$ cat start_39.cif   # mmCIF, C-alpha atoms
data_model
#
loop_
_atom_site.label_atom_id
_atom_site.label_comp_id
_atom_site.auth_asym_id
_atom_site.auth_seq_id
_atom_site.Cartn_x
_atom_site.Cartn_y
_atom_site.Cartn_z
CA MET A 1131 49.37 42.06 10.41
CA LYS A 1132 50.00 38.90 12.34
CA PRO A 1133 49.10 35.88 10.23
CA ILE A 1134 46.34 33.70 11.63
CA ARG A 1135 47.60 30.24 12.39
CA GLN A 1136 45.40 27.27 13.02
CA HIS A 1137 46.20 27.20 16.75
CA ASP A 1138 45.87 30.96 17.34
CA ASN A 1139 42.58 32.02 18.98
CA PHE A 1140 40.56 29.42 17.05
CA ARG A 1141 38.36 26.86 18.71
CA PHE A 1142 35.75 24.62 17.10
CA PRO A 1143 32.35 25.75 18.50
CA CYS A 1144 31.51 23.41 21.34
CA PRO A 1145 28.46 23.45 23.64
CA LEU A 1146 30.42 21.76 26.42
CA ARG A 1147 33.14 24.43 26.36
CA GLU A 1148 30.57 27.24 26.25
CA ARG A 1149 28.66 25.77 29.15
CA ALA A 1150 31.89 25.49 31.15
CA ARG A 1151 32.75 29.11 30.40
CA LEU A 1152 29.32 30.33 31.54
CA THR A 1153 29.20 28.24 34.71
CA GLY A 1154 32.81 28.69 35.68
CA GLN A 1155 33.47 24.94 35.62
CA HIS A 1156 36.75 23.49 34.42
CA LEU A 1157 36.48 20.78 31.82
CA THR A 1158 39.86 19.48 32.85
CA GLY A 1159 38.78 18.96 36.43
CA ALA A 1160 38.30 15.38 37.65
CA THR A 1161 34.74 14.41 38.55
CA SER A 1162 35.70 11.50 40.76
CA PRO A 1163 38.82 9.97 42.21
CA GLN A 1164 38.75 7.32 39.47
CA SER A 1165 38.17 9.66 36.52
CA SER A 1166 40.91 11.09 34.37
CA PRO A 1167 41.16 14.77 33.50
CA ILE A 1168 39.64 15.71 30.14
CA THR A 1169 41.89 18.01 28.22
CA GLY A 1170 40.67 20.87 26.11
CA GLU A 1171 41.96 19.11 23.00
CA GLU A 1172 39.93 15.98 23.79
CA VAL A 1173 36.79 18.03 24.29
CA GLN A 1174 37.39 19.76 20.98
CA ILE A 1175 37.80 16.39 19.22
CA ARG A 1176 34.60 15.07 20.79
CA CYS A 1177 32.67 18.15 19.73
CA LEU A 1178 34.04 17.78 16.21
CA MET A 1179 32.91 14.14 16.09
CA VAL A 1180 29.40 15.07 17.24
CA ALA A 1181 29.20 17.82 14.62
CA LEU A 1182 30.34 15.44 11.88
CA LEU A 1183 27.78 12.86 12.99
CA LEU A 1184 24.98 15.43 12.88
CA ALA A 1185 26.11 16.59 9.45
CA PHE A 1186 26.10 12.98 8.23
CA LEU A 1187 22.59 12.37 9.53
CA CYS A 1188 21.35 15.59 7.92
CA SER A 1189 22.89 14.55 4.61
CA LEU A 1190 21.10 11.20 4.78
CA THR A 1191 17.78 12.97 5.37
CA PHE A 1192 18.45 15.31 2.46
CA LEU A 1193 19.36 12.44 0.15
CA ASN A 1194 16.27 10.47 1.18
CA GLN A 1195 14.03 13.46 0.43
CA SER A 1196 15.77 14.25 -2.85
CA ARG A 1197 15.37 10.67 -4.01
CA ALA A 1198 11.65 10.47 -3.13
CA GLU A 1199 9.53 9.56 -6.14
CA ASN A 1200 6.70 11.92 -6.99
CA ILE A 1201 3.42 10.25 -7.85
CA LYS A 1202 -0.06 11.58 -8.57
CA ILE A 1203 -3.24 9.77 -7.63
CA GLY A 1204 -6.61 10.65 -9.16
CA LEU A 1205 -9.59 10.74 -6.79
CA PRO A 1206 -13.20 11.00 -8.01
CA SER A 1207 -14.11 12.84 -4.79
CA VAL A 1208 -12.94 13.39 -1.24
CA THR A 1209 -14.95 10.93 0.84
CA ILE A 1210 -14.33 8.66 3.81
CA THR A 1211 -13.43 5.77 1.47
CA ALA A 1212 -10.36 7.75 0.35
CA MET A 1213 -9.14 7.95 3.96
CA PRO A 1214 -6.05 5.70 3.42
CA PHE A 1215 -4.56 8.21 0.95
CA PHE A 1216 -4.80 11.15 3.34
CA VAL A 1217 -3.66 9.16 6.38
CA ALA A 1218 -0.66 7.81 4.44
CA ARG A 1219 0.32 11.33 3.42
CA GLU A 1220 -0.19 13.13 6.73
CA HIS A 1221 1.21 10.42 8.99
CA GLY A 1222 4.37 9.76 6.99
CA PHE A 1223 3.67 6.34 5.47
CA PHE A 1224 4.26 7.53 1.91
CA GLN A 1225 7.49 9.25 2.97
CA GLN A 1226 8.72 6.11 4.72
CA GLU A 1227 8.42 4.29 1.41
CA GLY A 1228 10.29 6.99 -0.50
CA LEU A 1229 7.17 8.45 -2.11
CA THR A 1230 5.78 11.96 -2.35
CA ALA A 1231 2.10 11.61 -3.25
CA GLU A 1232 -0.23 14.27 -4.60
CA MET A 1233 -3.97 13.63 -4.68
CA VAL A 1234 -5.77 15.17 -7.66
CA VAL A 1235 -9.58 15.38 -7.47
CA MET A 1236 -11.39 14.98 -10.79
CA PRO A 1237 -14.67 13.50 -12.03
CA ALA A 1238 -14.73 9.69 -12.02
CA SER A 1239 -15.30 9.68 -15.78
CA LEU A 1240 -11.93 11.42 -16.27
CA ASN A 1241 -9.81 9.29 -13.93
CA ILE A 1242 -8.87 6.61 -16.46
CA LYS A 1243 -8.53 9.06 -19.34
CA VAL A 1244 -6.03 11.14 -17.38
CA LEU A 1245 -4.29 7.95 -16.27
CA LEU A 1246 -3.87 6.88 -19.90
CA ALA A 1247 -2.56 10.35 -20.77
CA GLY A 1248 0.17 9.93 -18.16
CA ASP A 1249 -0.83 12.95 -16.06
CA ILE A 1250 -1.49 10.70 -13.05
CA GLN A 1251 0.10 7.35 -12.23
CA TYR A 1252 -2.72 5.84 -10.16
CA ALA A 1253 -6.52 6.12 -10.08
CA ALA A 1254 -8.87 5.49 -7.16
CA THR A 1255 -12.17 5.02 -9.00
CA MET A 1256 -12.89 1.33 -9.52
CA GLY A 1257 -15.99 1.44 -11.72
CA SER A 1258 -14.18 3.24 -14.52
CA ALA A 1259 -11.13 1.00 -14.11
CA VAL A 1260 -13.19 -2.18 -14.45
CA ALA A 1261 -15.03 -0.78 -17.48
CA ALA A 1262 -11.73 0.13 -19.14
CA ALA A 1263 -10.12 -3.23 -18.41
CA ILE A 1264 -12.96 -5.29 -19.89
CA ARG A 1265 -12.78 -3.16 -23.04
CA GLY A 1266 -9.18 -4.26 -23.48
CA ILE A 1267 -7.41 -1.21 -22.06
CA ASN A 1268 -4.28 -2.26 -20.16
CA VAL A 1269 -5.48 -1.23 -16.68
CA ARG A 1270 -5.28 -3.34 -13.53
CA ILE A 1271 -6.83 -2.97 -10.09
CA VAL A 1272 -4.14 -3.77 -7.53
CA MET A 1273 -5.84 -2.87 -4.25
CA LEU A 1274 -9.39 -2.42 -2.96
CA PHE A 1275 -10.27 -0.46 0.18
CA VAL A 1276 -13.99 -1.26 0.35
CA ASP A 1277 -16.17 -4.02 -1.08
CA ARG A 1278 -19.60 -2.49 -0.48
CA PRO A 1279 -21.20 0.91 -1.02
CA LEU A 1280 -21.82 3.28 1.89
CA GLN A 1281 -25.12 4.86 0.85
CA ASP A 1282 -28.32 4.58 2.87
CA LEU A 1283 -31.84 4.44 1.50
CA VAL A 1284 -33.41 7.29 3.46
CA GLY A 1285 -37.18 7.62 3.69
CA ALA A 1286 -39.51 10.49 4.42
CA ALA A 1287 -40.64 10.83 8.03
CA ASN A 1288 -43.95 9.06 7.28
CA ILE A 1289 -42.25 6.05 5.62
CA ALA A 1290 -41.18 3.28 8.01
CA THR A 1291 -40.33 0.31 5.75
CA ILE A 1292 -39.18 -0.35 2.19
CA SER A 1293 -42.45 -2.13 1.39
CA GLU A 1294 -44.27 1.21 1.85
CA LEU A 1295 -42.42 2.63 -1.16
CA LYS A 1296 -44.71 0.99 -3.72
CA GLY A 1297 -46.30 3.72 -5.82
CA LYS A 1298 -43.96 6.38 -4.41
CA VAL A 1299 -41.46 8.72 -6.08
CA LEU A 1300 -37.84 7.79 -5.32
CA ALA A 1301 -34.75 9.90 -6.00
CA ILE A 1302 -31.23 9.11 -7.19
CA SER A 1303 -28.42 11.40 -8.31
CA SER A 1304 -28.13 10.18 -11.93
CA ARG A 1305 -29.28 7.47 -14.33
CA GLY A 1306 -27.02 4.49 -14.83
CA GLY A 1307 -24.70 5.44 -11.99
CA LEU A 1308 -23.91 3.72 -8.73
CA GLN A 1309 -27.01 5.02 -6.96
CA ASP A 1310 -29.21 3.76 -9.79
CA ILE A 1311 -27.71 0.27 -9.50
CA ILE A 1312 -28.04 0.24 -5.72
CA MET A 1313 -31.63 1.51 -5.73
CA ARG A 1314 -32.79 -1.16 -8.19
CA ARG A 1315 -31.05 -3.96 -6.28
CA ILE A 1316 -32.55 -2.88 -2.97
CA LEU A 1317 -36.00 -2.80 -4.56
CA SER A 1318 -35.65 -6.20 -6.23
CA GLN A 1319 -34.35 -7.85 -3.04
CA SER A 1320 -37.28 -6.29 -1.19
CA LYS A 1321 -39.76 -7.85 -3.68
CA ILE A 1322 -40.59 -4.53 -5.34
CA ASP A 1323 -40.50 -4.31 -9.13
CA PRO A 1324 -38.92 -1.03 -10.32
CA SER A 1325 -42.05 -0.50 -12.43
CA GLN A 1326 -44.01 -0.15 -9.18
CA VAL A 1327 -42.17 3.07 -8.28
CA ASN A 1328 -41.24 6.28 -10.07
CA ILE A 1329 -37.48 6.84 -9.97
CA ILE A 1330 -36.40 10.42 -10.69
CA THR A 1331 -33.05 12.23 -10.57
CA ILE A 1332 -32.32 15.08 -8.18
CA PRO A 1333 -28.81 16.55 -8.42
CA GLY A 1334 -27.38 17.31 -5.02
CA GLN A 1335 -27.81 15.55 -1.68
CA THR A 1336 -29.08 18.67 0.08
CA ALA A 1337 -31.84 19.02 -2.50
CA MET A 1338 -32.82 15.39 -1.85
CA ILE A 1339 -33.12 16.04 1.88
CA SER A 1340 -35.32 19.08 1.21
CA ALA A 1341 -37.57 17.00 -1.05
CA LEU A 1342 -37.84 14.29 1.61
CA LYS A 1343 -38.75 16.80 4.32
CA ALA A 1344 -41.43 18.31 2.08
CA ASN A 1345 -42.82 14.80 1.29
CA ARG A 1346 -42.32 15.38 -2.44
CA ILE A 1347 -40.48 12.05 -2.61
CA GLY A 1348 -40.80 8.90 -0.57
CA ALA A 1349 -37.10 7.95 -0.39
CA ALA A 1350 -33.66 8.83 -1.71
CA MET A 1351 -30.16 7.38 -1.80
CA LEU A 1352 -27.89 9.47 0.44
CA ASN A 1353 -24.12 9.27 0.97
CA PRO A 1354 -22.39 10.11 4.25
CA PRO A 1355 -22.48 12.64 5.83
CA PHE A 1356 -25.86 13.54 4.30
CA ASN A 1357 -27.55 10.34 5.50
CA PHE A 1358 -26.66 11.18 9.11
CA LEU A 1359 -27.68 14.82 8.65
CA ALA A 1360 -31.03 13.56 7.33
CA TYR A 1361 -31.61 11.49 10.47
CA ARG A 1362 -31.10 14.61 12.57
CA GLU A 1363 -34.00 16.10 10.60
CA GLY A 1364 -36.28 13.22 11.60
CA LEU A 1365 -36.01 11.26 8.34
CA THR A 1366 -35.99 7.44 8.32
CA ASN A 1367 -33.20 4.94 7.73
CA LEU A 1368 -34.81 2.34 5.47
CA GLY A 1369 -31.68 0.33 4.77
CA PHE A 1370 -27.91 0.31 4.51
CA SER A 1371 -26.89 -0.38 0.92
CA GLY A 1372 -23.97 -2.53 2.04
CA ASN A 1373 -26.48 -5.09 3.32
CA PHE A 1374 -27.94 -5.44 -0.18
CA VAL A 1375 -25.03 -4.93 -2.56
CA ARG A 1376 -21.39 -5.98 -2.74
CA LEU A 1377 -19.59 -3.63 -5.07
CA PRO A 1378 -15.97 -2.41 -4.89
CA SER A 1379 -15.80 1.35 -5.29
CA THR A 1380 -12.46 2.73 -4.05
CA GLY A 1381 -8.92 1.40 -4.30
CA VAL A 1382 -5.86 1.63 -6.52
CA ALA A 1383 -5.73 1.06 -10.27
CA THR A 1384 -2.81 1.63 -12.59
CA LEU A 1385 -1.58 0.88 -16.08
CA GLY A 1386 -0.07 -2.47 -16.99
CA GLU A 1387 2.99 -0.55 -18.19
CA THR A 1388 3.50 0.80 -14.67
CA LEU A 1389 3.37 -2.71 -13.24
CA GLU A 1390 6.04 -3.81 -15.70
CA ARG A 1391 8.24 -0.71 -15.51
CA SER A 1392 7.98 0.16 -11.80
CA PRO A 1393 6.85 -2.91 -9.84
CA ASP A 1394 8.83 -1.82 -6.77
CA GLN A 1395 7.05 1.54 -6.71
CA VAL A 1396 3.67 -0.20 -6.85
CA ARG A 1397 4.65 -2.47 -3.97
CA ARG A 1398 5.86 0.48 -1.90
CA LEU A 1399 2.61 2.33 -2.60
CA THR A 1400 0.39 -0.57 -1.53
CA ARG A 1401 2.61 -1.16 1.51
CA ALA A 1402 2.25 2.48 2.58
CA LEU A 1403 -1.52 2.34 2.12
CA ALA A 1404 -1.81 -0.97 3.97
CA ARG A 1405 0.05 0.51 6.94
CA ALA A 1406 -2.13 3.64 6.79
CA ARG A 1407 -5.30 1.51 6.85
CA THR A 1408 -4.09 -0.42 9.89
CA PHE A 1409 -3.09 2.81 11.63
CA ALA A 1410 -6.52 4.35 10.95
CA LYS A 1411 -8.35 1.32 12.33
CA GLU A 1412 -6.30 1.26 15.52
CA ASN A 1413 -5.97 5.01 16.15
CA LYS A 1414 -9.35 6.65 15.72
CA ALA A 1415 -8.46 9.72 17.79
CA LYS A 1416 -5.19 10.29 15.93
CA VAL A 1417 -6.76 10.21 12.46
CA PHE A 1418 -9.70 12.47 13.34
CA PRO A 1419 -7.74 15.69 12.69
CA THR A 1420 -6.75 14.29 9.29
CA LEU A 1421 -10.36 13.43 8.46
CA LYS A 1422 -11.59 16.82 9.62
CA ARG A 1423 -9.21 18.56 7.24
CA ALA A 1424 -9.87 16.22 4.31
CA LEU A 1425 -13.66 16.00 4.64
CA ARG A 1426 -14.05 19.55 5.98
CA ILE A 1427 -16.23 18.33 8.81
CA ASP A 1428 -15.72 19.80 12.27
CA ASP A 1429 -18.55 17.89 13.96
CA ASP A 1430 -17.08 15.12 16.13
CA ASP A 1431 -20.36 13.21 16.49
CA LEU A 1432 -21.01 13.30 12.75
CA LEU A 1433 -17.44 12.31 11.94
CA SER A 1434 -17.59 9.42 14.42
CA LYS A 1435 -20.72 8.04 12.76
CA ILE A 1436 -19.10 8.22 9.32
CA TYR A 1437 -15.93 6.54 10.62
CA GLU A 1438 -17.86 3.69 12.26
CA GLN A 1439 -20.04 3.08 9.19
CA HIS A 1440 -16.96 2.99 7.00
CA LYS A 1441 -15.48 0.20 9.13
CA GLN A 1442 -18.37 -2.03 8.04
CA VAL A 1443 -17.32 -1.99 4.38
CA GLU A 1444 -13.51 -2.15 4.59
CA THR A 1445 -11.69 -5.09 3.02
CA ALA A 1446 -9.43 -7.02 5.38
CA ASP A 1447 -6.19 -6.65 3.43
CA GLY A 1448 -6.92 -4.94 0.11
CA ARG A 1449 -8.14 -8.11 -1.59
CA VAL A 1450 -11.62 -9.39 -2.44
CA ASP A 1451 -12.78 -12.93 -3.04
CA ALA A 1452 -13.09 -14.61 -6.43
CA LEU A 1453 -16.90 -14.47 -6.40
CA LEU A 1454 -16.98 -10.69 -6.04
CA MET A 1455 -14.38 -10.30 -8.78
CA THR A 1456 -16.38 -12.42 -11.23
CA ASP A 1457 -19.66 -10.71 -10.26
CA THR A 1458 -18.08 -7.27 -10.75
CA ILE A 1459 -16.81 -8.24 -14.20
CA ARG A 1460 -20.19 -9.74 -15.13
CA ASP A 1461 -22.08 -6.60 -14.11
CA ALA A 1462 -19.64 -4.39 -16.03
CA ARG A 1463 -19.97 -6.57 -19.13
CA GLN A 1464 -23.74 -6.23 -19.01
CA THR A 1465 -23.49 -2.44 -18.63
CA GLU A 1466 -20.94 -2.14 -21.45
CA GLY A 1467 -22.74 -4.64 -23.73
CA ILE A 1468 -19.73 -6.98 -23.91
CA THR A 1469 -20.66 -10.60 -24.54
CA LYS A 1470 -17.28 -12.34 -24.51
CA GLU A 1471 -15.89 -13.78 -21.29
CA ILE A 1472 -13.27 -11.70 -19.51
CA PRO A 1473 -10.65 -13.47 -17.34
CA VAL A 1474 -10.26 -12.15 -13.81
CA ASN A 1475 -6.54 -11.46 -14.28
CA GLN A 1476 -7.38 -9.00 -17.06
CA VAL A 1477 -8.98 -6.76 -14.43
CA PHE A 1478 -7.55 -7.61 -10.99
CA ASP A 1479 -3.97 -8.27 -9.87
CA PHE A 1480 -3.42 -8.41 -6.10
CA SER A 1481 0.10 -9.82 -6.33
CA TYR A 1482 1.61 -6.40 -5.54
CA LEU A 1483 0.00 -6.26 -2.09
CA PRO A 1484 1.97 -7.02 1.08
CA THR A 1485 2.02 -10.72 1.88
CA ARG A 1486 -0.58 -11.89 4.33
#

$ encode --input "start_39.cif" --output "structure tokens"
Amino acid sequence: MKPIRQHDNFRFPCPLRERARLTGQHLTGATSPQSSPITGEEVQIRCLMVALLLAFLCSLTFLNQSRAENIKIGLPSVTITAMPFFVAREHGFFQQEGLTAEMVVMPASLNIKVLLAGDIQYAATMGSAVAAAIRGINVRIVMLFVDRPLQDLVGAANIATISELKGKVLAISSRGGLQDIIMRRILSQSKIDPSQVNIITIPGQTAMISALKANRIGAAMLNPPFNFLAYREGLTNLGFSGNFVRLPSTGVATLGETLERSPDQVRRLTRALARARTFAKENKAKVFPTLKRALRIDDDDLLSKIYEQHKQVETADGRVDALLMTDTIRDARQTEGITKEIPVNQVFDFSYLPTR
């Protein structure tokens, strides 16, 4: 058998050579009076260089993916306020920062417990984070997406104003929760003592809408999209909670140990989320498919209303002012029965956010 030598019948695969073979063109032919003939050896070298370049670029992509850090983020629920997480994941902002993020949905009461156990690295529920921090647990809030709640106080069809709620039955989802706080603040700012109404709990937003339509209750606190669905049923918008209450509810919290051990990761996370928030504000049409998948809403009109309402409560850059921070700590202290003063830096640390 004739030994195969390097120059015998072997050519490096080359698209240019193959194209020339199929079209009958000669690669060595001159294309103009000034051009020089290209030899087969030169073509082969050029093809080899292109192949090596492609291989190098592919290796860089592989290395970048293999080095991506995996993180888990705990979400209390999938709502419009969690939009930055889903936009950052689907539109590549996490990947650009070398992160692979997994969102894990769990009850708000479990977010901090699972964070402390090390099963997630970041938590999105702010109420539990604040409560933990003022109790001395080493948790810090490093970014806030919204500084007001999104709920509406929705009235029955025969109720036109908040003042008409005196003596009526009002519904919230649970005692001591966010809706309870919002309801009582709306009433007090509207000059109605809570003793002048009967506040009951009705689990489930759909059940609240049914009770409103049947006139069994005078008003209820409804989250999006249920507030907008209620208006389609002829129910009344008595007030947007964000006009009565300032209260941070969604953002990023993590352990103090993470801030010390992986400060660069925290900065890359907040940078990815900041870019996702800007992208979502400026590209409504492009983020709609992401929102449809995350919220499981395929109604463009409904989704548009939710999106526009959410814009009213977004923070400008992930920070909140000193007054809201102190008020949030004060309210949490009252709820938790803590009398000692708590410094702001025990709860909030915005130094890991992108510079303004």

$ residues_around --input "start_39.cif" --residues "range 1250-1257 of chain A" --least-positions-apart "3" --cutoff "6 Å" --atoms "all atoms listed in the file" --output "PDB file with C-alpha atoms, in the coordinates of the input"
ATOM      1  CA  LYS A1202      -0.060  11.580  -8.570  1.00  0.00           C
ATOM      2  CA  ILE A1203      -3.240   9.770  -7.630  1.00  0.00           C
ATOM      3  CA  GLY A1204      -6.610  10.650  -9.160  1.00  0.00           C
ATOM      4  CA  LEU A1205      -9.590  10.740  -6.790  1.00  0.00           C
ATOM      5  CA  ASN A1241      -9.810   9.290 -13.930  1.00  0.00           C
ATOM      6  CA  LEU A1245      -4.290   7.950 -16.270  1.00  0.00           C
ATOM      7  CA  VAL A1260     -13.190  -2.180 -14.450  1.00  0.00           C
ATOM      8  CA  SER A1379     -15.800   1.350  -5.290  1.00  0.00           C
ATOM      9  CA  THR A1380     -12.460   2.730  -4.050  1.00  0.00           C
ATOM     10  CA  GLY A1381      -8.920   1.400  -4.300  1.00  0.00           C
ATOM     11  CA  VAL A1382      -5.860   1.630  -6.520  1.00  0.00           C
ATOM     12  CA  ALA A1383      -5.730   1.060 -10.270  1.00  0.00           C
ATOM     13  CA  THR A1384      -2.810   1.630 -12.590  1.00  0.00           C
TER      14      THR A1384
END

$ resolve_selection --input "start_39.cif" --expression "the PyMOL selection byres ((chain A and resi 1347-1353) around 9)" --output "number ranges by chain"
A: 1280-1289, 1292, 1294-1295, 1298-1303, 1309-1310, 1312-1313, 1335, 1338-1339, 1341-1346, 1354-1358, 1360, 1366, 1368, 1371

$ closest_residue --input "start_39.cif" --among "A:Asn1413, A:Thr1400, A:Gln1395, A:Ser1304" --to "Ile1330 in chain A" --atoms "all atoms listed in the file"
A:Ser1304

$ closest_residue --input "start_39.cif" --among "A:Glu1444, A:Lys1414, A:Arg1270, A:Ala1462" --to "Asp1430 in chain A" --atoms "all atoms listed in the file"
A:Lys1414

$ residues_near_point --input "start_39.cif" --point "(-35.0, -6.3, -2.5)" --cutoff "12 Å" --atoms "all atoms listed in the file" --output "list in words"
Leu1283, Thr1291, Ile1292, Ser1293, Leu1295, Ile1312, Met1313, Arg1314, Arg1315, Ile1316, Leu1317, Ser1318, Gln1319, Ser1320, Lys1321, Ile1322, Asp1323, Pro1324, Leu1368, Gly1369, Phe1370, Ser1371, Asn1373, Phe1374 and Val1375 of chain A

$ write_last_selection --input "start_39.cif" --atoms "C-alpha atoms" --output "tab-separated table (two decimals), keeping the file's coordinate frame"
chain	number	residue	atom	x	y	z
A	1283	LEU	CA	-31.84	4.44	1.50
A	1291	THR	CA	-40.33	0.31	5.75
A	1292	ILE	CA	-39.18	-0.35	2.19
A	1293	SER	CA	-42.45	-2.13	1.39
A	1295	LEU	CA	-42.42	2.63	-1.16
A	1312	ILE	CA	-28.04	0.24	-5.72
A	1313	MET	CA	-31.63	1.51	-5.73
A	1314	ARG	CA	-32.79	-1.16	-8.19
A	1315	ARG	CA	-31.05	-3.96	-6.28
A	1316	ILE	CA	-32.55	-2.88	-2.97
A	1317	LEU	CA	-36.00	-2.80	-4.56
A	1318	SER	CA	-35.65	-6.20	-6.23
A	1319	GLN	CA	-34.35	-7.85	-3.04
A	1320	SER	CA	-37.28	-6.29	-1.19
A	1321	LYS	CA	-39.76	-7.85	-3.68
A	1322	ILE	CA	-40.59	-4.53	-5.34
A	1323	ASP	CA	-40.50	-4.31	-9.13
A	1324	PRO	CA	-38.92	-1.03	-10.32
A	1368	LEU	CA	-34.81	2.34	5.47
A	1369	GLY	CA	-31.68	0.33	4.77
A	1370	PHE	CA	-27.91	0.31	4.51
A	1371	SER	CA	-26.89	-0.38	0.92
A	1373	ASN	CA	-26.48	-5.09	3.32
A	1374	PHE	CA	-27.94	-5.44	-0.18
A	1375	VAL	CA	-25.03	-4.93	-2.56

$ resolve_selection --input "start_39.cif" --expression "the PyMOL selection byres ((chain A and resi 1423) around 12)" --output "list in words"
Val1208, Thr1209, Ile1210, Met1213, Phe1216, Val1217, Glu1220, Val1417, Phe1418, Pro1419, Thr1420, Leu1421, Lys1422, Ala1424, Leu1425, Arg1426, Ile1427, Asp1428, Asp1429 and Leu1433 of chain A

$ closest_residue --input "start_39.cif" --among "A:Asp1277, A:Asp1461, A:Asp1249, A:Glu1466" --to "Thr1445 in chain A" --atoms "all atoms listed in the file"
A:Asp1277

$ axis_aligned_box --input "start_39.cif" --around "range 1316-1330 of chain A" --padding-each-side "8 Å" --output "AutoDock Vina command-line options"
--center_x -38.3 --center_y 1.3 --center_z -6.8 --size_x 27.5 --size_y 34.3 --size_z 27.2

$ atom_distance --input "start_39.cif" --atom1 "CA of Val1276 in chain A" --atom2 "CA of Ala1404 in chain A"
12.7 Å

$ atom_distance --input "start_39.cif" --atom1 "CA of Leu1483 in chain A" --atom2 "CA of Ile1436 in chain A"
26.5 Å

$ closest_residue --input "start_39.cif" --among "A:Arg1362, A:Lys1296, A:Thr1458, A:Arg1449" --to "Gln1326 in chain A" --atoms "all atoms listed in the file"
A:Lys1296

$ residues_around --input "start_39.cif" --residues "Phe1480 in chain A" --least-positions-apart "6" --cutoff "9 Å" --atoms "only C-alpha atoms" --output "list in words"
Ile1271, Val1272, Met1273, Gly1448 and Arg1449 of chain A

$ write_last_selection --input "start_39.cif" --atoms "C-alpha atoms" --output "PDB file, in the coordinates of the input"
ATOM      1  CA  ILE A1271      -6.830  -2.970 -10.090  1.00  0.00           C
ATOM      2  CA  VAL A1272      -4.140  -3.770  -7.530  1.00  0.00           C
ATOM      3  CA  MET A1273      -5.840  -2.870  -4.250  1.00  0.00           C
ATOM      4  CA  GLY A1448      -6.920  -4.940   0.110  1.00  0.00           C
ATOM      5  CA  ARG A1449      -8.140  -8.110  -1.590  1.00  0.00           C
TER       6      ARG A1449
END

$ closest_residue --input "start_39.cif" --among "A:Ala1415, A:Ala1410, A:Ile1459, A:Ile1468" --to "His1221 in chain A" --atoms "all atoms listed in the file"
A:Ala1410

$ resolve_selection --input "start_39.cif" --expression "the PyMOL selection byres ((chain A and resi 1405) around 12)" --output "ChimeraX atom specification"
/A:1214-1215,1217-1219,1221-1224,1226-1227,1398-1404,1406-1413,1447-1448,1483-1484

$ atom_distance --input "start_39.cif" --atom1 "CA of Thr1211 in chain A" --atom2 "CA of Val1443 in chain A"
9.2 Å

$ closest_residue --input "start_39.cif" --among "A:Leu1389, A:Met1455, A:Gln1464, A:Thr1336" --to "Glu1363 in chain A" --atoms "only C-alpha atoms"
A:Thr1336

$ decode --input "start_39.cif" --residues "range 1371-1392 of chain A" --atoms "C-alpha atoms" --output "mmCIF file, in the first residue's frame"
data_model
loop_
_atom_site.group_PDB
_atom_site.id
_atom_site.type_symbol
_atom_site.label_atom_id
_atom_site.label_comp_id
_atom_site.auth_asym_id
_atom_site.auth_seq_id
_atom_site.Cartn_x
_atom_site.Cartn_y
_atom_site.Cartn_z
ATOM 1 C CA SER A 1371 -52.332 52.343 47.201
ATOM 2 C CA GLY A 1372 -49.141 53.963 45.941
ATOM 3 C CA ASN A 1373 -50.776 57.359 46.456
ATOM 4 C CA PHE A 1374 -51.259 56.587 50.161
ATOM 5 C CA VAL A 1375 -48.296 54.431 51.144
ATOM 6 C CA ARG A 1376 -44.566 54.362 50.454
ATOM 7 C CA LEU A 1377 -43.286 50.901 51.169
ATOM 8 C CA PRO A 1378 -40.456 48.997 49.425
ATOM 9 C CA SER A 1379 -41.565 45.499 48.512
ATOM 10 C CA THR A 1380 -39.277 43.962 45.860
ATOM 11 C CA GLY A 1381 -35.522 44.138 45.353
ATOM 12 C CA VAL A 1382 -32.357 42.260 46.240
ATOM 13 C CA ALA A 1383 -31.260 41.177 49.713
ATOM 14 C CA THR A 1384 -28.321 38.992 50.627
ATOM 15 C CA LEU A 1385 -26.214 37.911 53.569
ATOM 16 C CA GLY A 1386 -23.460 40.091 54.956
ATOM 17 C CA GLU A 1387 -21.107 37.155 54.396
ATOM 18 C CA THR A 1388 -21.850 37.286 50.662
ATOM 19 C CA LEU A 1389 -21.015 40.986 50.577
ATOM 20 C CA GLU A 1390 -17.681 40.266 52.240
ATOM 21 C CA ARG A 1391 -16.823 37.084 50.346
ATOM 22 C CA SER A 1392 -18.140 37.913 46.856
#
